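Content type mmCIF, C-alpha atoms and all ligand atoms, from the file model34.cif:
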```cif
data_final
#
loop_
_atom_site.label_atom_id
_atom_site.label_comp_id
_atom_site.auth_asym_id
_atom_site.auth_seq_id
_atom_site.Cartn_x
_atom_site.Cartn_y
_atom_site.Cartn_z
CA MET A 887 -22.72 14.16 -4.82
CA ASN A 888 -22.90 11.90 -1.77
CA GLU A 889 -20.39 13.10 0.84
CA THR A 890 -18.60 9.74 1.22
CA ILE A 891 -18.21 9.32 -2.53
CA GLN A 892 -17.02 12.89 -2.84
CA GLN A 893 -14.36 12.20 -0.19
CA ILE A 894 -13.25 8.97 -1.91
CA GLN A 895 -12.95 10.74 -5.27
CA ASN A 896 -11.10 13.67 -3.73
CA HIS A 897 -8.13 11.49 -2.74
CA ARG A 898 -4.59 12.55 -3.48
CA SER A 899 -1.38 11.34 -1.85
CA ILE A 900 0.12 13.76 0.68
CA ARG A 901 3.90 13.85 1.00
CA LYS A 902 4.36 16.92 3.21
CA PHE A 903 2.84 16.96 6.67
CA LYS A 904 2.65 19.53 9.47
CA ASN A 905 4.91 18.80 12.42
CA GLU A 906 1.97 17.50 14.49
CA GLU A 907 1.38 14.02 15.81
CA ILE A 908 -2.09 12.64 15.31
CA THR A 909 -3.96 11.79 18.54
CA GLN A 910 -4.31 8.34 20.10
CA LYS A 911 -8.07 8.63 19.53
CA GLN A 912 -7.45 9.19 15.81
CA ILE A 913 -5.05 6.24 15.70
CA ASP A 914 -7.63 4.01 17.40
CA GLU A 915 -10.38 5.08 15.01
CA ILE A 916 -8.15 4.52 12.00
CA ILE A 917 -7.25 1.01 13.21
CA GLN A 918 -10.86 0.14 13.99
CA SER A 919 -11.84 1.32 10.51
CA ALA A 920 -9.08 -0.83 9.03
CA GLN A 921 -10.41 -3.79 10.97
CA SER A 922 -13.92 -3.18 9.65
CA ALA A 923 -12.86 -4.06 6.11
CA SER A 924 -14.04 -7.31 4.61
CA THR A 925 -11.58 -10.12 5.21
CA SER A 926 -11.23 -13.44 3.39
CA SER A 927 -13.08 -16.19 5.28
CA TYR A 928 -12.86 -14.09 8.47
CA TYR A 929 -9.13 -14.94 8.63
CA GLN A 930 -8.06 -11.31 9.35
CA ALA A 931 -4.70 -12.32 7.96
CA TYR A 932 -2.79 -9.07 8.49
CA SER A 933 -1.10 -7.02 11.19
CA ILE A 934 -0.55 -3.30 11.46
CA ILE A 935 2.59 -2.03 13.17
CA GLY A 936 2.57 1.57 14.44
CA ILE A 937 6.04 3.10 14.56
CA THR A 938 6.48 5.35 17.59
CA ASP A 939 10.25 4.96 18.17
CA PRO A 940 11.97 7.91 16.44
CA GLU A 941 15.15 5.90 15.76
CA LEU A 942 13.15 3.15 14.10
CA LYS A 943 11.30 5.73 12.02
CA LYS A 944 14.65 7.11 10.86
CA ALA A 945 15.87 3.64 9.96
CA LEU A 946 12.71 3.04 7.92
CA ARG A 947 13.18 6.41 6.21
CA ASP A 948 16.68 5.32 5.25
CA VAL A 949 15.27 2.16 3.67
CA SER A 950 12.71 4.13 1.66
CA GLY A 951 14.81 7.18 0.83
CA GLN A 952 11.69 9.34 1.32
CA GLN A 953 11.72 11.99 4.06
CA TYR A 954 7.97 11.75 4.67
CA VAL A 955 8.53 8.26 6.10
CA GLU A 956 10.07 10.13 9.05
CA ASN A 957 8.23 13.47 8.90
CA ASN A 958 4.56 12.71 9.44
CA GLY A 959 1.88 12.57 12.15
CA HIS A 960 2.06 8.78 12.40
CA LEU A 961 3.55 5.85 10.54
CA PHE A 962 2.00 2.43 10.04
CA VAL A 963 3.47 -0.65 8.43
CA PHE A 964 0.91 -3.07 7.00
CA CYS A 965 1.91 -6.74 7.01
CA ALA A 966 0.39 -9.85 5.52
CA ASP A 967 0.20 -12.19 8.51
CA LEU A 968 -0.53 -15.92 8.54
CA ASN A 969 1.51 -16.42 11.70
CA ARG A 970 -1.36 -15.58 14.05
CA ILE A 971 -3.57 -18.24 12.51
CA TYR A 972 -0.73 -20.78 12.59
CA ASN A 973 0.06 -20.03 16.23
CA SER A 974 -3.56 -20.27 17.31
CA GLN A 975 -3.57 -24.00 16.49
CA PRO A 976 -2.39 -27.16 18.25
CA LYS A 977 0.67 -28.82 16.75
CA GLU A 978 -1.17 -31.53 14.81
CA ILE A 979 -3.38 -28.98 13.05
CA GLN A 980 -0.38 -26.72 12.40
CA GLU A 981 1.29 -29.58 10.56
CA GLU A 982 -1.77 -30.12 8.39
CA MET A 983 -2.48 -26.45 7.66
CA VAL A 984 1.00 -25.74 6.28
CA VAL A 985 -0.09 -27.09 2.88
CA ASN A 986 -2.50 -24.17 2.68
CA LEU A 987 -0.52 -21.46 4.43
CA GLU A 988 2.49 -21.94 2.21
CA ASN A 989 0.73 -21.90 -1.14
CA THR A 990 0.16 -19.00 -3.52
CA GLU A 991 -3.53 -18.80 -2.68
CA PHE A 992 -2.84 -17.88 0.94
CA PHE A 993 -0.03 -15.52 -0.01
CA MET A 994 -2.57 -13.69 -2.17
CA MET A 995 -5.27 -13.86 0.47
CA SER A 996 -3.13 -12.31 3.19
CA THR A 997 -1.77 -9.54 0.96
CA VAL A 998 -5.32 -8.75 -0.20
CA ASP A 999 -6.55 -8.68 3.43
CA ALA A 1000 -3.74 -6.31 4.42
CA SER A 1001 -4.46 -4.05 1.44
CA LEU A 1002 -8.21 -3.84 2.11
CA ALA A 1003 -7.54 -2.95 5.75
CA ALA A 1004 -5.05 -0.31 4.62
CA GLN A 1005 -7.45 1.31 2.19
CA ASN A 1006 -10.08 1.55 4.95
CA ALA A 1007 -7.40 3.16 7.14
CA ALA A 1008 -6.68 5.62 4.35
CA LEU A 1009 -10.34 6.53 3.90
CA ALA A 1010 -10.90 6.92 7.65
CA SER A 1011 -7.84 9.18 7.87
CA GLU A 1012 -9.04 11.30 4.98
CA ALA A 1013 -12.52 11.51 6.52
CA MET A 1014 -10.85 13.13 9.56
CA GLY A 1015 -9.17 15.72 7.34
CA LEU A 1016 -5.80 13.95 7.49
CA GLY A 1017 -3.65 13.09 4.48
CA ILE A 1018 -1.97 9.80 3.68
CA CYS A 1019 0.74 8.33 1.50
CA TYR A 1020 1.24 4.62 0.90
CA LEU A 1021 4.90 3.62 1.12
CA GLY A 1022 5.86 0.73 -1.10
CA SER A 1023 9.35 2.20 -0.83
CA LEU A 1024 9.79 0.17 2.37
CA ARG A 1025 10.28 -2.78 0.02
CA ASN A 1026 13.46 -1.09 -1.27
CA ASN A 1027 15.11 -3.26 1.37
CA ILE A 1028 12.49 -5.70 2.55
CA ASN A 1029 14.99 -7.82 4.47
CA LYS A 1030 16.06 -4.79 6.50
CA VAL A 1031 12.43 -3.92 7.34
CA ASN A 1032 11.86 -7.53 8.34
CA GLU A 1033 14.85 -7.33 10.68
CA LEU A 1034 13.92 -3.91 12.12
CA LEU A 1035 10.37 -5.05 12.93
CA ASP A 1036 11.28 -8.54 14.20
CA LEU A 1037 8.81 -10.22 11.88
CA PRO A 1038 8.37 -13.98 12.41
CA LYS A 1039 7.78 -16.57 9.67
CA TYR A 1040 4.52 -16.19 7.73
CA VAL A 1041 4.63 -12.39 8.23
CA ILE A 1042 5.81 -10.01 5.50
CA PRO A 1043 5.72 -6.21 5.30
CA ILE A 1044 3.57 -5.11 2.35
CA PHE A 1045 3.86 -1.32 2.56
CA GLY A 1046 3.90 1.56 5.00
CA MET A 1047 1.45 4.41 5.31
CA ALA A 1048 2.40 7.92 6.41
CA ILE A 1049 -0.51 9.83 7.93
CA GLY A 1050 -0.73 13.39 9.16
CA VAL A 1051 -2.08 16.90 8.87
CA PRO A 1052 -1.47 17.93 5.24
CA ASP A 1053 1.01 20.73 4.64
CA GLU A 1054 0.45 20.81 0.88
CA SER A 1055 -2.56 20.64 -1.42
CA PRO A 1056 -1.48 18.88 -4.60
CA GLU A 1057 -3.70 18.72 -7.65
CA LYS A 1058 -5.72 15.54 -8.08
CA LYS A 1059 -3.92 13.10 -10.38
CA PRO A 1060 -5.99 12.03 -13.39
CA ARG A 1061 -6.92 8.38 -13.84
CA LEU A 1062 -7.29 6.19 -16.92
CA PRO A 1063 -10.55 6.58 -18.83
CA ILE A 1064 -13.26 4.28 -17.48
CA ASP A 1065 -13.42 2.25 -20.71
CA THR A 1066 -9.82 1.08 -20.30
CA ILE A 1067 -10.34 -0.08 -16.70
CA TYR A 1068 -13.91 -1.35 -16.92
CA HIS A 1069 -14.81 -4.15 -19.33
CA GLU A 1070 -18.22 -5.60 -20.00
CA ASN A 1071 -18.51 -9.40 -19.96
CA LYS A 1072 -15.12 -10.12 -21.53
CA TYR A 1073 -11.67 -8.62 -21.29
CA GLN A 1074 -11.05 -6.06 -24.04
CA LEU A 1075 -7.47 -6.17 -25.32
CA ASN A 1076 -8.04 -3.16 -27.54
CA GLN A 1077 -7.93 -0.09 -25.29
CA PRO A 1078 -7.86 3.07 -27.42
CA GLY A 1079 -8.40 5.19 -24.27
CA ILE A 1080 -4.71 4.86 -23.41
CA GLU A 1081 -3.66 7.25 -26.17
CA LYS A 1082 -6.13 9.82 -24.91
CA PHE A 1083 -4.87 9.29 -21.37
CA ASP A 1084 -1.27 9.84 -22.47
CA GLN A 1085 -2.35 13.30 -23.63
CA THR A 1086 -4.24 13.90 -20.34
CA THR A 1087 -1.11 13.09 -18.31
CA VAL A 1088 1.07 15.36 -20.48
CA GLU A 1089 -1.36 18.21 -19.77
CA TYR A 1090 -1.55 17.33 -16.05
CA TYR A 1091 2.22 17.22 -15.58
CA GLN A 1092 2.68 20.48 -17.51
CA SER A 1093 0.04 22.39 -15.61
CA ARG A 1094 0.53 21.20 -12.03
CA SER A 1095 2.01 23.61 -9.53
CA THR A 1096 5.09 21.56 -8.53
CA ASN A 1097 7.53 19.20 -10.27
CA GLN A 1098 6.34 20.03 -13.78
CA LYS A 1099 7.48 17.77 -16.60
CA VAL A 1100 6.48 16.50 -20.02
CA GLU A 1101 5.72 12.82 -19.80
CA ARG A 1102 3.14 10.45 -21.19
CA TRP A 1103 1.72 7.83 -18.82
CA SER A 1104 2.76 4.93 -21.07
CA GLU A 1105 6.26 6.38 -21.34
CA GLN A 1106 6.48 6.77 -17.55
CA VAL A 1107 5.48 3.21 -16.71
CA GLY A 1108 7.64 1.83 -19.53
CA LYS A 1109 10.70 3.68 -18.26
CA LYS A 1110 10.19 2.38 -14.72
CA LEU A 1111 9.61 -1.22 -15.68
CA ARG A 1112 12.62 -1.53 -17.99
CA LYS A 1113 14.89 -1.60 -14.96
CA PRO A 1114 14.79 -4.64 -12.67
CA MET A 1115 13.44 -3.52 -9.32
CA ARG A 1116 13.34 -5.11 -5.85
CA MET A 1117 14.50 -8.42 -7.26
CA ASP A 1118 15.13 -9.69 -3.73
CA VAL A 1119 11.40 -9.74 -2.85
CA THR A 1120 10.78 -13.19 -4.40
CA ASP A 1121 13.44 -14.87 -2.28
CA PHE A 1122 12.42 -12.88 0.78
CA VAL A 1123 8.79 -14.03 0.53
CA LYS A 1124 9.97 -17.62 0.15
CA SER A 1125 12.28 -17.21 3.14
CA LYS A 1126 9.17 -16.47 5.20
CA ASN A 1127 7.64 -19.77 4.02
CA LEU A 1128 5.06 -17.97 1.88
CA ASN A 1129 4.26 -18.69 -1.79
CA VAL A 1130 6.52 -21.76 -1.77
CA ARG A 1131 4.06 -24.45 -2.92
C1 LIG A 1201 0.81 0.13 -2.60
C2 LIG A 1201 1.24 1.55 -2.89
C3 LIG A 1201 2.55 1.93 -2.65
C4 LIG A 1201 2.95 3.25 -2.84
N1 LIG A 1201 4.21 3.61 -2.52
C5 LIG A 1201 4.58 4.90 -2.59
C6 LIG A 1201 5.85 5.31 -2.13
O1 LIG A 1201 6.68 4.52 -1.69
N2 LIG A 1201 6.15 6.62 -2.18
C7 LIG A 1201 5.28 7.55 -2.64
O2 LIG A 1201 5.62 8.74 -2.65
N3 LIG A 1201 4.06 7.20 -3.10
C8 LIG A 1201 3.68 5.90 -3.06
N4 LIG A 1201 2.43 5.52 -3.48
C9 LIG A 1201 1.48 6.53 -3.95
C10 LIG A 1201 1.30 6.48 -5.45
O3 LIG A 1201 2.42 6.99 -6.10
C11 LIG A 1201 0.04 7.32 -5.79
O4 LIG A 1201 -1.08 6.74 -5.17
C12 LIG A 1201 -0.20 7.41 -7.30
O5 LIG A 1201 0.84 8.09 -7.95
C13 LIG A 1201 -1.50 8.16 -7.58
O6 LIG A 1201 -1.47 9.43 -6.98
P1 LIG A 1201 -2.58 9.89 -5.91
O7 LIG A 1201 -2.57 8.92 -4.78
O8 LIG A 1201 -2.16 11.27 -5.48
O9 LIG A 1201 -3.88 9.92 -6.61
C14 LIG A 1201 2.02 4.21 -3.34
C15 LIG A 1201 0.71 3.80 -3.60
C16 LIG A 1201 0.33 2.49 -3.39
C17 LIG A 1201 -1.11 2.10 -3.66
#
```

Now, as a test, write the supplied structure out as structure tokens.
Amino acid sequence: MNETIQQIQNHRSIRKFKNEEITQKQIDEIIQSAQSASTSSYYQAYSIIGITDPELKKALRDVSGQQYVENNGHLFVFCADLNRIYNSQPKEIQEEMVVNLENTEFFMMSTVDASLAAQNAALASEAMGLGICYLGSLRNNINKVNELLDLPKYVIPIFGMAIGVPDESPEKKPRLPIDTIYHENKYQLNQPGIEKFDQTTVEYYQSRSTNQKVERWSEQVGKKLRKPMRMDVTDFVKSKNLNVR
């Protein structure tokens, strides 16, 4: 198999890192790789914040409740960012562009841009032999993260990413069968592959080396989604003047 494809398909999240900081050269290469991602209309509507202050890292760990937010080789926070574009314009254009910046389309565009950059960062990190874990858990208290990072209007934190030298080698997590994810020509509501996948996940969780359990995929996602989660995110996004039109 092609080496790049092999690396992509070998991904697994790493949640335990060696006590080693990654080098500035690695950080630069990761950021440049992130920046090489495609970006809607060349807007580059995202920012990446590297967390080097240990106290700040601790505070972000407290928000997430996950120790690997603090214990890693480097921590990034990926933000959707329409502020840079707004600020690059004279006042009269700013006033006109607000109709776009504040609508759902641009909220989506900036979160997509940030996510594509992040996935390139993840792949570049993994290509260097590093491990990564995305950290949506920073949205456990999105207002606190906003305050800690001094984010202006039109900038919202999407997720963090812990990067470092892996200190664990977890089994690869199975994915849904292709025929549930990939549809030809029209969306297929009938997805019999899910039942098969439920069995696959039961076998995966029973046989993996750590945190064994018996759980079907559909049961797992159902359990999670029954409880309201991060209900403050809607108001937070609106408070940053995004997705309000
Ligand atoms: C946007 C996003 C946010 C995530 N947030 C967290 C997180 O807060 N904590 C965590 O341990 N894993 C997090 N993950 C990792 C997922 O749990 C993981 O990718 C998924 O279970 C599949 O496992 P794998 O990455 O090992 O294949 C996140 C993944 C994504 C894409």

Step by step, measure atom-to-atom distances between ligand LIG 1201 (chain A) and each residue using only C-alpha atoms and all ligand atoms, keep those at most 10 Å, then write them as a ChimeraX atom specification. /A:895-901,950-955,1001,1004-1005,1018-1026,1044-1048,1056-1061

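The smallest atom-to-atom distance between Asn958 in chain A and any of A:Met1014, A:Val1051, A:Leu987, A:Ile934, using all atoms listed in the file, is found for A:Val1051.
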
So, with only C-alpha atoms as the atoms that count, which of A:Lys1126, A:Arg1131, A:Arg1094, A:Arg1102 lies closest to Ile1080 in chain A? A:Arg1102

Taken to one decimal, the CA of Leu1002 in chain A-CA of Lys1124 in chain A distance is 22.9 Å

Figure out the distance between CA of Ala1003 in chain A and CA of Arg1116 in chain A, please, to one decimal in Å. 24.0 Å

Applying 9 Å and all atoms listed in the file, which residues near range 916-918 of chain A remain after dropping the ones on its own chain fewer than 4 positions away? List them as an mmCIF file with C-alpha atoms, in the frame of the given file.
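Output contents, as saved in around.cif:
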```cif
data_model
loop_
_atom_site.group_PDB
_atom_site.id
_atom_site.type_symbol
_atom_site.label_atom_id
_atom_site.label_comp_id
_atom_site.auth_asym_id
_atom_site.auth_seq_id
_atom_site.Cartn_x
_atom_site.Cartn_y
_atom_site.Cartn_z
ATOM 1 C CA LYS A 911 -8.070 8.630 19.530
ATOM 2 C CA GLN A 912 -7.450 9.190 15.810
ATOM 3 C CA SER A 922 -13.920 -3.180 9.650
ATOM 4 C CA ILE A 934 -0.550 -3.300 11.460
ATOM 5 C CA ALA A 1003 -7.540 -2.950 5.750
ATOM 6 C CA ALA A 1004 -5.050 -0.310 4.620
ATOM 7 C CA ASN A 1006 -10.080 1.550 4.950
ATOM 8 C CA ALA A 1007 -7.400 3.160 7.140
ATOM 9 C CA ALA A 1008 -6.680 5.620 4.350
ATOM 10 C CA LEU A 1009 -10.340 6.530 3.900
ATOM 11 C CA ALA A 1010 -10.900 6.920 7.650
ATOM 12 C CA SER A 1011 -7.840 9.180 7.870
#
```

N, CA and C atoms are needed for range 926-950 of chain A; please write them out as a compact mmCIF listing (two decimals), in the frame of the given file.
```txt
# COMPACT_ATOMS: atom_id res chain seq x y z
N SER A 926 -11.00 -12.11 3.96
CA SER A 926 -11.23 -13.44 3.39
C SER A 926 -11.55 -14.46 4.49
N SER A 927 -12.68 -15.11 4.36
CA SER A 927 -13.08 -16.19 5.28
C SER A 927 -12.93 -15.84 6.77
N TYR A 928 -12.98 -14.55 7.08
CA TYR A 928 -12.86 -14.09 8.47
C TYR A 928 -11.46 -14.37 9.05
N TYR A 929 -10.46 -14.60 8.15
CA TYR A 929 -9.13 -14.94 8.63
C TYR A 929 -8.42 -13.75 9.31
N GLN A 930 -8.72 -12.52 8.82
CA GLN A 930 -8.06 -11.31 9.35
C GLN A 930 -6.54 -11.50 9.32
N ALA A 931 -6.08 -11.86 8.13
CA ALA A 931 -4.70 -12.32 7.96
C ALA A 931 -3.73 -11.16 7.70
N TYR A 932 -3.71 -10.21 8.62
CA TYR A 932 -2.79 -9.07 8.49
C TYR A 932 -2.48 -8.52 9.87
N SER A 933 -1.41 -7.78 9.98
CA SER A 933 -1.10 -7.02 11.19
C SER A 933 -0.68 -5.62 10.79
N ILE A 934 -0.94 -4.70 11.69
CA ILE A 934 -0.55 -3.30 11.46
C ILE A 934 0.44 -2.93 12.56
N ILE A 935 1.59 -2.42 12.17
CA ILE A 935 2.59 -2.03 13.17
C ILE A 935 2.72 -0.51 13.16
N GLY A 936 2.43 0.11 14.30
CA GLY A 936 2.57 1.57 14.44
C GLY A 936 3.99 1.87 14.90
N ILE A 937 4.64 2.81 14.23
CA ILE A 937 6.04 3.10 14.56
C ILE A 937 6.10 4.38 15.41
N THR A 938 6.43 4.19 16.69
CA THR A 938 6.48 5.35 17.59
C THR A 938 7.92 5.67 18.02
N ASP A 939 8.84 4.75 17.78
CA ASP A 939 10.25 4.96 18.17
C ASP A 939 10.93 5.80 17.08
N PRO A 940 11.38 7.02 17.44
CA PRO A 940 11.97 7.91 16.44
C PRO A 940 13.16 7.30 15.70
N GLU A 941 13.97 6.50 16.41
CA GLU A 941 15.15 5.90 15.76
C GLU A 941 14.71 4.88 14.70
N LEU A 942 13.68 4.14 15.04
CA LEU A 942 13.15 3.15 14.10
C LEU A 942 12.56 3.83 12.87
N LYS A 943 11.88 4.96 13.14
CA LYS A 943 11.30 5.73 12.02
C LYS A 943 12.41 6.19 11.07
N LYS A 944 13.51 6.65 11.67
CA LYS A 944 14.65 7.11 10.86
C LYS A 944 15.20 5.96 10.02
N ALA A 945 15.32 4.80 10.68
CA ALA A 945 15.87 3.64 9.96
C ALA A 945 14.95 3.26 8.79
N LEU A 946 13.65 3.37 9.00
CA LEU A 946 12.71 3.04 7.92
C LEU A 946 12.78 4.11 6.81
N ARG A 947 13.00 5.35 7.22
CA ARG A 947 13.18 6.41 6.21
C ARG A 947 14.40 6.11 5.36
N ASP A 948 15.46 5.64 6.00
CA ASP A 948 16.68 5.32 5.25
C ASP A 948 16.42 4.21 4.23
N VAL A 949 15.61 3.23 4.61
CA VAL A 949 15.27 2.16 3.67
C VAL A 949 14.54 2.74 2.47
N SER A 950 13.57 3.63 2.74
CA SER A 950 12.71 4.13 1.66
C SER A 950 13.37 5.23 0.85
```
